[in-house]
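input-v7.pdb (PDB, C-alpha atoms and all ligand atoms) appears below.
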ATOM      1  CA  MET A   1     -13.279 -20.987 -34.886  1.00  0.00           C
ATOM      2  CA  VAL A   2     -11.150 -22.963 -32.463  1.00  0.00           C
ATOM      3  CA  LEU A   3     -14.316 -24.066 -30.668  1.00  0.00           C
ATOM      4  CA  THR A   4     -15.882 -25.152 -33.954  1.00  0.00           C
ATOM      5  CA  GLY A   5     -12.798 -27.232 -34.718  1.00  0.00           C
ATOM      6  CA  LEU A   6     -12.887 -28.726 -31.233  1.00  0.00           C
ATOM      7  CA  GLY A   7     -16.619 -29.385 -31.582  1.00  0.00           C
ATOM      8  CA  TRP A   8     -16.047 -31.315 -34.806  1.00  0.00           C
ATOM      9  CA  ALA A   9     -13.221 -33.257 -33.251  1.00  0.00           C
ATOM     10  CA  ILE A  10     -15.525 -34.311 -30.414  1.00  0.00           C
ATOM     11  CA  VAL A  11     -18.311 -35.299 -32.809  1.00  0.00           C
ATOM     12  CA  LEU A  12     -15.844 -37.244 -34.968  1.00  0.00           C
ATOM     13  CA  PHE A  13     -14.418 -38.963 -31.905  1.00  0.00           C
ATOM     14  CA  PHE A  14     -17.801 -40.346 -30.869  1.00  0.00           C
ATOM     15  CA  VAL A  15     -19.331 -40.946 -34.304  1.00  0.00           C
ATOM     16  CA  GLY A  16     -16.084 -42.473 -35.595  1.00  0.00           C
ATOM     17  CA  SER A  17     -15.994 -44.727 -32.572  1.00  0.00           C
ATOM     18  CA  TYR A  18     -19.591 -45.818 -33.115  1.00  0.00           C
ATOM     19  CA  LEU A  19     -19.064 -46.513 -36.813  1.00  0.00           C
ATOM     20  CA  ILE A  20     -15.884 -48.505 -36.243  1.00  0.00           C
ATOM     21  CA  THR A  21     -16.517 -50.253 -32.911  1.00  0.00           C
ATOM     22  CA  GLU A  22     -20.310 -49.963 -32.438  1.00  0.00           C
ATOM     23  CA  SER A  23     -19.457 -48.363 -29.096  1.00  0.00           C
ATOM     24  CA  TRP A  24     -19.484 -44.595 -28.471  1.00  0.00           C
ATOM     25  CA  THR A  25     -16.277 -44.799 -26.444  1.00  0.00           C
ATOM     26  CA  TRP A  26     -14.003 -47.053 -28.547  1.00  0.00           C
ATOM     27  CA  GLY A  27     -15.058 -50.061 -26.514  1.00  0.00           C
ATOM     28  CA  TYR A  28     -13.965 -48.493 -23.226  1.00  0.00           C
ATOM     29  CA  ARG A  29     -16.254 -49.094 -20.223  1.00  0.00           C
ATOM     30  CA  GLY A  30     -14.887 -48.078 -16.863  1.00  0.00           C
ATOM     31  CA  LYS A  31     -14.622 -45.275 -14.383  1.00  0.00           C
ATOM     32  CA  TRP A  32     -14.994 -42.513 -17.009  1.00  0.00           C
ATOM     33  CA  THR A  33     -18.157 -43.956 -18.546  1.00  0.00           C
ATOM     34  CA  ASN A  34     -19.711 -44.668 -15.155  1.00  0.00           C
ATOM     35  CA  ILE A  35     -22.474 -42.094 -14.706  1.00  0.00           C
ATOM     36  CA  ASN A  36     -22.359 -42.595 -10.915  1.00  0.00           C
ATOM     37  CA  ASN A  37     -18.961 -40.914 -10.816  1.00  0.00           C
ATOM     38  CA  TYR A  38     -20.432 -37.675 -12.177  1.00  0.00           C
ATOM     39  CA  LEU A  39     -23.365 -37.392  -9.802  1.00  0.00           C
ATOM     40  CA  PRO A  40     -22.721 -35.071  -6.874  1.00  0.00           C
ATOM     41  CA  ARG A  41     -22.981 -36.986  -3.624  1.00  0.00           C
ATOM     42  CA  LYS A  42     -22.084 -36.443  -0.039  1.00  0.00           C
ATOM     43  CA  GLU A  43     -19.210 -38.559   1.307  1.00  0.00           C
ATOM     44  CA  LEU A  44     -20.680 -41.108   3.760  1.00  0.00           C
ATOM     45  CA  VAL A  45     -18.752 -42.122   6.850  1.00  0.00           C
ATOM     46  CA  PHE A  46     -19.512 -45.500   8.446  1.00  0.00           C
ATOM     47  CA  SER A  47     -18.555 -47.207  11.624  1.00  0.00           C
ATOM     48  CA  GLU A  48     -17.817 -50.929  11.154  1.00  0.00           C
ATOM     49  CA  GLU A  49     -21.174 -51.724  12.788  1.00  0.00           C
ATOM     50  CA  GLN A  50     -23.056 -49.380  10.453  1.00  0.00           C
ATOM     51  CA  LEU A  51     -21.379 -50.953   7.424  1.00  0.00           C
ATOM     52  CA  TYR A  52     -22.521 -54.485   8.385  1.00  0.00           C
ATOM     53  CA  ARG A  53     -26.094 -53.540   7.484  1.00  0.00           C
ATOM     54  CA  TYR A  54     -25.113 -53.282   3.815  1.00  0.00           C
ATOM     55  CA  ASP A  55     -24.021 -56.895   3.379  1.00  0.00           C
ATOM     56  CA  GLY A  56     -26.734 -57.832   0.913  1.00  0.00           C
ATOM     57  CA  SER A  57     -28.984 -59.602   3.381  1.00  0.00           C
ATOM     58  CA  ASN A  58     -31.566 -56.799   3.233  1.00  0.00           C
ATOM     59  CA  PRO A  59     -32.857 -56.482  -0.347  1.00  0.00           C
ATOM     60  CA  ASN A  60     -34.064 -52.936   0.369  1.00  0.00           C
ATOM     61  CA  LEU A  61     -30.550 -51.654   1.054  1.00  0.00           C
ATOM     62  CA  PRO A  62     -27.633 -51.179  -1.336  1.00  0.00           C
ATOM     63  CA  ILE A  63     -24.670 -53.551  -1.024  1.00  0.00           C
ATOM     64  CA  TYR A  64     -21.360 -52.055   0.028  1.00  0.00           C
ATOM     65  CA  VAL A  65     -17.861 -53.479   0.216  1.00  0.00           C
ATOM     66  CA  ALA A  66     -14.946 -51.686   1.792  1.00  0.00           C
ATOM     67  CA  ILE A  67     -11.285 -52.107   1.010  1.00  0.00           C
ATOM     68  CA  ASP A  68      -8.553 -50.402   2.991  1.00  0.00           C
ATOM     69  CA  GLY A  69     -11.067 -47.864   4.289  1.00  0.00           C
ATOM     70  CA  ASP A  70     -12.833 -46.950   1.050  1.00  0.00           C
ATOM     71  CA  VAL A  71     -16.472 -47.976   0.726  1.00  0.00           C
ATOM     72  CA  TYR A  72     -17.950 -48.878  -2.681  1.00  0.00           C
ATOM     73  CA  ASP A  73     -21.514 -49.475  -3.780  1.00  0.00           C
ATOM     74  CA  VAL A  74     -21.466 -52.864  -5.533  1.00  0.00           C
ATOM     75  CA  THR A  75     -25.224 -53.351  -5.755  1.00  0.00           C
ATOM     76  CA  THR A  76     -24.976 -54.027  -9.505  1.00  0.00           C
ATOM     77  CA  GLY A  77     -22.806 -57.032  -8.587  1.00  0.00           C
ATOM     78  CA  ALA A  78     -25.448 -58.480  -6.258  1.00  0.00           C
ATOM     79  CA  GLY A  79     -24.945 -61.896  -7.865  1.00  0.00           C
ATOM     80  CA  TRP A  80     -21.444 -61.936  -6.378  1.00  0.00           C
ATOM     81  CA  TYR A  81     -22.038 -60.178  -3.091  1.00  0.00           C
ATOM     82  CA  SER A  82     -25.544 -60.898  -1.822  1.00  0.00           C
ATOM     83  CA  VAL A  83     -26.367 -63.902   0.347  1.00  0.00           C
ATOM     84  CA  GLY A  84     -25.261 -67.067  -1.449  1.00  0.00           C
ATOM     85  CA  GLY A  85     -22.903 -65.204  -3.812  1.00  0.00           C
ATOM     86  CA  SER A  86     -19.281 -66.340  -4.152  1.00  0.00           C
ATOM     87  CA  TYR A  87     -17.987 -63.088  -2.631  1.00  0.00           C
ATOM     88  CA  HIS A  88     -20.681 -62.463  -0.033  1.00  0.00           C
ATOM     89  CA  HIS A  89     -17.993 -62.622   2.689  1.00  0.00           C
ATOM     90  CA  PHE A  90     -16.635 -59.287   1.378  1.00  0.00           C
ATOM     91  CA  ALA A  91     -19.982 -57.495   1.648  1.00  0.00           C
ATOM     92  CA  GLY A  92     -20.702 -55.087   4.480  1.00  0.00           C
ATOM     93  CA  LYS A  93     -17.106 -55.065   5.704  1.00  0.00           C
ATOM     94  CA  ASP A  94     -13.496 -54.211   5.041  1.00  0.00           C
ATOM     95  CA  ALA A  95     -11.760 -57.528   4.409  1.00  0.00           C
ATOM     96  CA  ALA A  96      -8.724 -56.041   2.630  1.00  0.00           C
ATOM     97  CA  ARG A  97      -6.409 -58.743   4.003  1.00  0.00           C
ATOM     98  CA  ALA A  98      -8.495 -61.628   2.698  1.00  0.00           C
ATOM     99  CA  TYR A  99      -8.348 -60.260  -0.852  1.00  0.00           C
ATOM    100  CA  VAL A 100      -4.641 -61.054  -1.025  1.00  0.00           C
ATOM    101  CA  THR A 101      -4.269 -64.008   1.305  1.00  0.00           C
ATOM    102  CA  GLY A 102      -7.304 -65.925   0.069  1.00  0.00           C
ATOM    103  CA  CYS A 103      -8.220 -66.668   3.694  1.00  0.00           C
ATOM    104  CA  PHE A 104     -11.865 -65.883   3.281  1.00  0.00           C
ATOM    105  CA  LYS A 105     -12.835 -66.954   6.781  1.00  0.00           C
ATOM    106  CA  GLU A 106      -9.769 -66.155   8.871  1.00  0.00           C
ATOM    107  CA  HIS A 107      -8.718 -62.812   7.368  1.00  0.00           C
ATOM    108  CA  ILE A 108     -11.936 -60.833   7.249  1.00  0.00           C
ATOM    109  CA  THR A 109     -10.086 -57.783   8.520  1.00  0.00           C
ATOM    110  CA  HIS A 110      -8.608 -54.516   7.316  1.00  0.00           C
ATOM    111  CA  ASP A 111      -5.411 -55.401   9.222  1.00  0.00           C
ATOM    112  CA  LEU A 112      -2.601 -55.342   6.631  1.00  0.00           C
ATOM    113  CA  ARG A 113       0.275 -55.769   9.084  1.00  0.00           C
ATOM    114  CA  GLY A 114       2.910 -58.303   8.087  1.00  0.00           C
ATOM    115  CA  LEU A 115       1.889 -58.596   4.432  1.00  0.00           C
ATOM    116  CA  THR A 116       4.630 -58.838   1.799  1.00  0.00           C
ATOM    117  CA  THR A 117       5.275 -56.084  -0.757  1.00  0.00           C
ATOM    118  CA  ASP A 118       3.606 -58.216  -3.411  1.00  0.00           C
ATOM    119  CA  GLN A 119       0.556 -58.731  -1.248  1.00  0.00           C
ATOM    120  CA  LEU A 120       0.331 -54.985  -0.606  1.00  0.00           C
ATOM    121  CA  LYS A 121       0.487 -54.486  -4.375  1.00  0.00           C
ATOM    122  CA  GLY A 122      -2.373 -56.970  -4.562  1.00  0.00           C
ATOM    123  CA  VAL A 123      -4.425 -54.784  -2.221  1.00  0.00           C
ATOM    124  CA  GLU A 124      -3.729 -51.828  -4.542  1.00  0.00           C
ATOM    125  CA  HIS A 125      -4.850 -53.953  -7.484  1.00  0.00           C
ATOM    126  CA  TRP A 126      -8.206 -54.671  -5.867  1.00  0.00           C
ATOM    127  CA  LYS A 127      -8.609 -51.043  -4.801  1.00  0.00           C
ATOM    128  CA  LYS A 128      -8.162 -50.040  -8.447  1.00  0.00           C
ATOM    129  CA  PHE A 129     -10.597 -52.753  -9.492  1.00  0.00           C
ATOM    130  CA  TYR A 130     -13.376 -51.094  -7.483  1.00  0.00           C
ATOM    131  CA  GLN A 131     -12.251 -47.534  -8.302  1.00  0.00           C
ATOM    132  CA  ASN A 132     -12.210 -48.114 -12.054  1.00  0.00           C
ATOM    133  CA  HIS A 133     -15.272 -50.328 -12.302  1.00  0.00           C
ATOM    134  CA  ARG A 134     -17.855 -49.559 -14.963  1.00  0.00           C
ATOM    135  CA  SER A 135     -20.794 -49.616 -12.527  1.00  0.00           C
ATOM    136  CA  TYR A 136     -19.505 -49.712  -8.934  1.00  0.00           C
ATOM    137  CA  PHE A 137     -18.767 -46.379  -7.290  1.00  0.00           C
ATOM    138  CA  ARG A 138     -17.236 -44.975  -4.144  1.00  0.00           C
ATOM    139  CA  VAL A 139     -19.675 -43.776  -1.493  1.00  0.00           C
ATOM    140  CA  GLY A 140     -17.347 -42.913   1.378  1.00  0.00           C
ATOM    141  CA  ARG A 141     -15.156 -44.350   4.094  1.00  0.00           C
ATOM    142  CA  VAL A 142     -15.343 -46.740   7.019  1.00  0.00           C
ATOM    143  CA  LEU A 143     -13.668 -45.694  10.249  1.00  0.00           C
ATOM    144  CA  HIS A 144     -11.696 -48.483  11.886  1.00  0.00           C
ATOM    145  CA  PRO A 145     -10.644 -48.365  15.495  1.00  0.00           C
ATOM    146  CA  PRO A 146      -6.813 -48.235  15.621  1.00  0.00           C
ATOM    147  CA  ILE A 147      -5.083 -51.621  15.728  1.00  0.00           C
ATOM    148  CA  ASP A 148      -3.256 -52.123  18.979  1.00  0.00           C
ATOM    149  CA  ASP A 149       0.381 -53.130  18.320  1.00  0.00           C
ATOM    150  CA  SER A 150       0.053 -55.810  20.962  1.00  0.00           C
ATOM    151  CA  THR A 151      -2.692 -57.570  18.946  1.00  0.00           C
ATOM    152  CA  PRO A 152      -1.063 -60.517  17.186  1.00  0.00           C
ATOM    153  CA  ILE A 153      -0.722 -60.295  13.388  1.00  0.00           C
ATOM    154  CA  PRO A 154      -3.273 -62.683  11.849  1.00  0.00           C
ATOM    155  CA  GLU A 155      -1.748 -66.137  11.319  1.00  0.00           C
ATOM    156  CA  PRO A 156      -1.405 -67.425   7.742  1.00  0.00           C
ATOM    157  CA  CYS A 157      -4.209 -69.854   6.993  1.00  0.00           C
ATOM    158  CA  GLU A 158      -3.959 -73.197   5.262  1.00  0.00           C
ATOM    159  CA  SER A 159      -7.410 -73.078   3.742  1.00  0.00           C
ATOM    160  CA  ALA A 160      -8.564 -71.318   0.625  1.00  0.00           C
ATOM    161  CA  VAL A 161      -5.299 -69.786  -0.662  1.00  0.00           C
ATOM    162  CA  GLY A 162      -5.770 -69.617  -4.427  1.00  0.00           C
ATOM    163  CA  GLN A 163      -9.088 -71.399  -4.161  1.00  0.00           C
ATOM    164  CA  LYS A 164     -12.266 -70.036  -5.610  1.00  0.00           C
ATOM    165  CA  PRO A 165     -14.482 -69.147  -2.667  1.00  0.00           C
ATOM    166  CA  LYS A 166     -17.479 -71.402  -2.163  1.00  0.00           C
ATOM    167  CA  GLY A 167     -20.786 -69.824  -3.082  1.00  0.00           C
ATOM    168  CA  LYS A 168     -23.983 -70.481  -4.931  1.00  0.00           C
ATOM    169  CA  ASP A 169     -22.079 -71.179  -8.165  1.00  0.00           C
ATOM    170  CA  ASN A 170     -19.994 -74.028  -6.800  1.00  0.00           C
TER     171      ASN A 170
HETATM  172  C1  LIG B 201      -7.548 -64.704  -3.462  1.00  0.00           C
HETATM  173  C2  LIG B 201      -8.348 -65.277  -4.331  1.00  0.00           C
HETATM  174  C3  LIG B 201      -9.509 -64.558  -4.999  1.00  0.00           C
HETATM  175  C4  LIG B 201     -10.084 -63.351  -4.727  1.00  0.00           C
HETATM  176  C5  LIG B 201      -9.752 -62.343  -3.638  1.00  0.00           C
HETATM  177  C6  LIG B 201     -11.134 -63.154  -5.698  1.00  0.00           C
HETATM  178  C7  LIG B 201     -11.949 -62.042  -5.744  1.00  0.00           C
HETATM  179  C8  LIG B 201     -12.781 -61.747  -6.795  1.00  0.00           C
HETATM  180  C9  LIG B 201     -13.532 -60.530  -6.908  1.00  0.00           C
HETATM  181  C10 LIG B 201     -13.561 -59.386  -5.904  1.00  0.00           C
HETATM  182  C11 LIG B 201     -14.205 -60.610  -8.071  1.00  0.00           C
HETATM  183  C12 LIG B 201     -15.060 -59.518  -8.678  1.00  0.00           C
HETATM  184  C13 LIG B 201     -16.502 -59.754  -8.529  1.00  0.00           C
HETATM  185  C14 LIG B 201     -17.175 -58.520  -9.104  1.00  0.00           C
HETATM  186  O1  LIG B 201     -17.331 -58.445 -10.328  1.00  0.00           O
HETATM  187  O2  LIG B 201     -17.503 -57.613  -8.306  1.00  0.00           O
HETATM  188  C15 LIG B 201     -13.876 -61.871  -8.700  1.00  0.00           C
HETATM  189  C16 LIG B 201     -14.385 -62.311  -9.898  1.00  0.00           C
HETATM  190  C17 LIG B 201     -14.218 -63.591 -10.385  1.00  0.00           C
HETATM  191  N1  LIG B 201     -13.515 -64.604  -9.783  1.00  0.00           N
HETATM  192 FE1  LIG B 201     -12.409 -64.427  -8.123  1.00  0.00          FE
HETATM  193  N2  LIG B 201     -11.189 -64.224  -6.514  1.00  0.00           N
HETATM  194  C18 LIG B 201     -10.216 -65.115  -6.127  1.00  0.00           C
HETATM  195  C19 LIG B 201      -9.930 -66.334  -6.679  1.00  0.00           C
HETATM  196  C20 LIG B 201     -10.616 -66.878  -7.735  1.00  0.00           C
HETATM  197  C21 LIG B 201     -10.339 -68.192  -8.310  1.00  0.00           C
HETATM  198  C22 LIG B 201      -9.258 -69.147  -7.812  1.00  0.00           C
HETATM  199  C23 LIG B 201     -11.225 -68.360  -9.340  1.00  0.00           C
HETATM  200  C24 LIG B 201     -11.421 -69.503 -10.266  1.00  0.00           C
HETATM  201  C25 LIG B 201     -11.243 -70.773  -9.950  1.00  0.00           C
HETATM  202  C26 LIG B 201     -12.029 -67.158  -9.429  1.00  0.00           C
HETATM  203  C27 LIG B 201     -13.000 -66.927 -10.353  1.00  0.00           C
HETATM  204  C28 LIG B 201     -13.593 -65.717 -10.574  1.00  0.00           C
HETATM  205  C29 LIG B 201     -14.422 -65.414 -11.748  1.00  0.00           C
HETATM  206  C30 LIG B 201     -14.781 -66.369 -12.894  1.00  0.00           C
HETATM  207  C31 LIG B 201     -14.799 -64.073 -11.625  1.00  0.00           C
HETATM  208  C32 LIG B 201     -15.636 -63.261 -12.595  1.00  0.00           C
HETATM  209  C33 LIG B 201     -14.696 -62.543 -13.525  1.00  0.00           C
HETATM  210  C34 LIG B 201     -15.403 -61.595 -14.435  1.00  0.00           C
HETATM  211  O3  LIG B 201     -16.520 -61.133 -14.151  1.00  0.00           O
HETATM  212  O4  LIG B 201     -14.791 -61.246 -15.454  1.00  0.00           O
HETATM  213  N3  LIG B 201     -11.637 -66.299  -8.433  1.00  0.00           N
HETATM  214  N4  LIG B 201     -13.003 -62.530  -7.903  1.00  0.00           N
END
Would you mind writing the structure in this file as structure tokens?
Amino acid sequence: MVLTGLGWAIVLFFVGSYLITESWTWGYRGKWTNINNYLPRKELVFSEEQLYRYDGSNPNLPIYVAIDGDVYDVTTGAGWYSVGGSYHHFAGKDAARAYVTGCFKEHITHDLRGLTTDQLKGVEHWKKFYQNHRSYFRVGRVLHPPIDDSTPIPEPCESAVGQKPKGKDN
């Protein structure tokens, strides 16, 4: 009886949504409607060198971006990430710093040392962007060699902050 009631509630949820919004999920498209997140897959572990291969320059390979260690398949966004795309510089690597500094040449690194609290929140924002995307999905992690404390923190750059990166669209 309870199950029957629950069954009807589920049917009503989807049918009601379709009748009202012409979408089965009340217009929601994100992590929970992304079929890739339900497929069982083995966590992949990449070295930085291995990850470079997935930068969109080989059309037979998927395109991966990494942010703060997590690697996402962004092949459905090839227009952005393959060669000539506005965000190609993010493909095949972990450029977490550049996401929040806008230094798309100088800060292609996972090194987050010296960033402000707001910038670190920005990194979290972009991590959530990939995590919750309607078609991108997490495939694993990239292993970074530890950053030696004696390595200087990347200098702020003058270029590109707040600028749309140059690509095939501009
Ligand atoms: C720090 C600066 C910026 C970063 C890190 C950044 C990064 C990104 C990323 C990762 C995407 C998602 C691409 C995807 O769908 O996978 C995106 C989308 C986009 N960006 Fe930027 N971007 C920056 C600045 C800008 C600026 C200044 C403009 C405009 C002048 C711009 C215009 C766009 C547009 C139009 C989209 C597509 C939005 C959509 O699909 O709804 N971006 N950006």
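Remark: for ligand LIG 201 (chain B), the closest of the candidate residues A:Glu49, A:Glu22, A:Asp55, A:Asp73 is A:Asp73 (distances computed over all atoms listed in the file).
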Using the chain letters and numbers from the file, give me the residues hit by the PyMOL selection byres (((chain A and resi 74) around 10) and not hetatm), as a count of residues only. 24
re atom C31 of ligand LIG 201 (chain B) and atom CA of Phe90 of chain A: distance 14.0 Å
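Using all atoms listed in the file for every distance, the candidate list A:Gly5, A:Thr33, A:Gly92, A:Val83 yields A:Gly92 as the residue closest to Glu48 of chain A.
Atom pair atom CA of Ile153 of chain A / atom O1 of ligand LIG 201 (chain B) has a distance of 29.0 Å (rounded to one decimal).
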Which is closest to ligand LIG 201 (chain B) among A:Gly16, A:Gly7, A:Pro59, A:Gly85, if we use only C-alpha atoms and all ligand atoms?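 Smallest distance to ligand LIG 201 (chain B) is found for A:Gly85.
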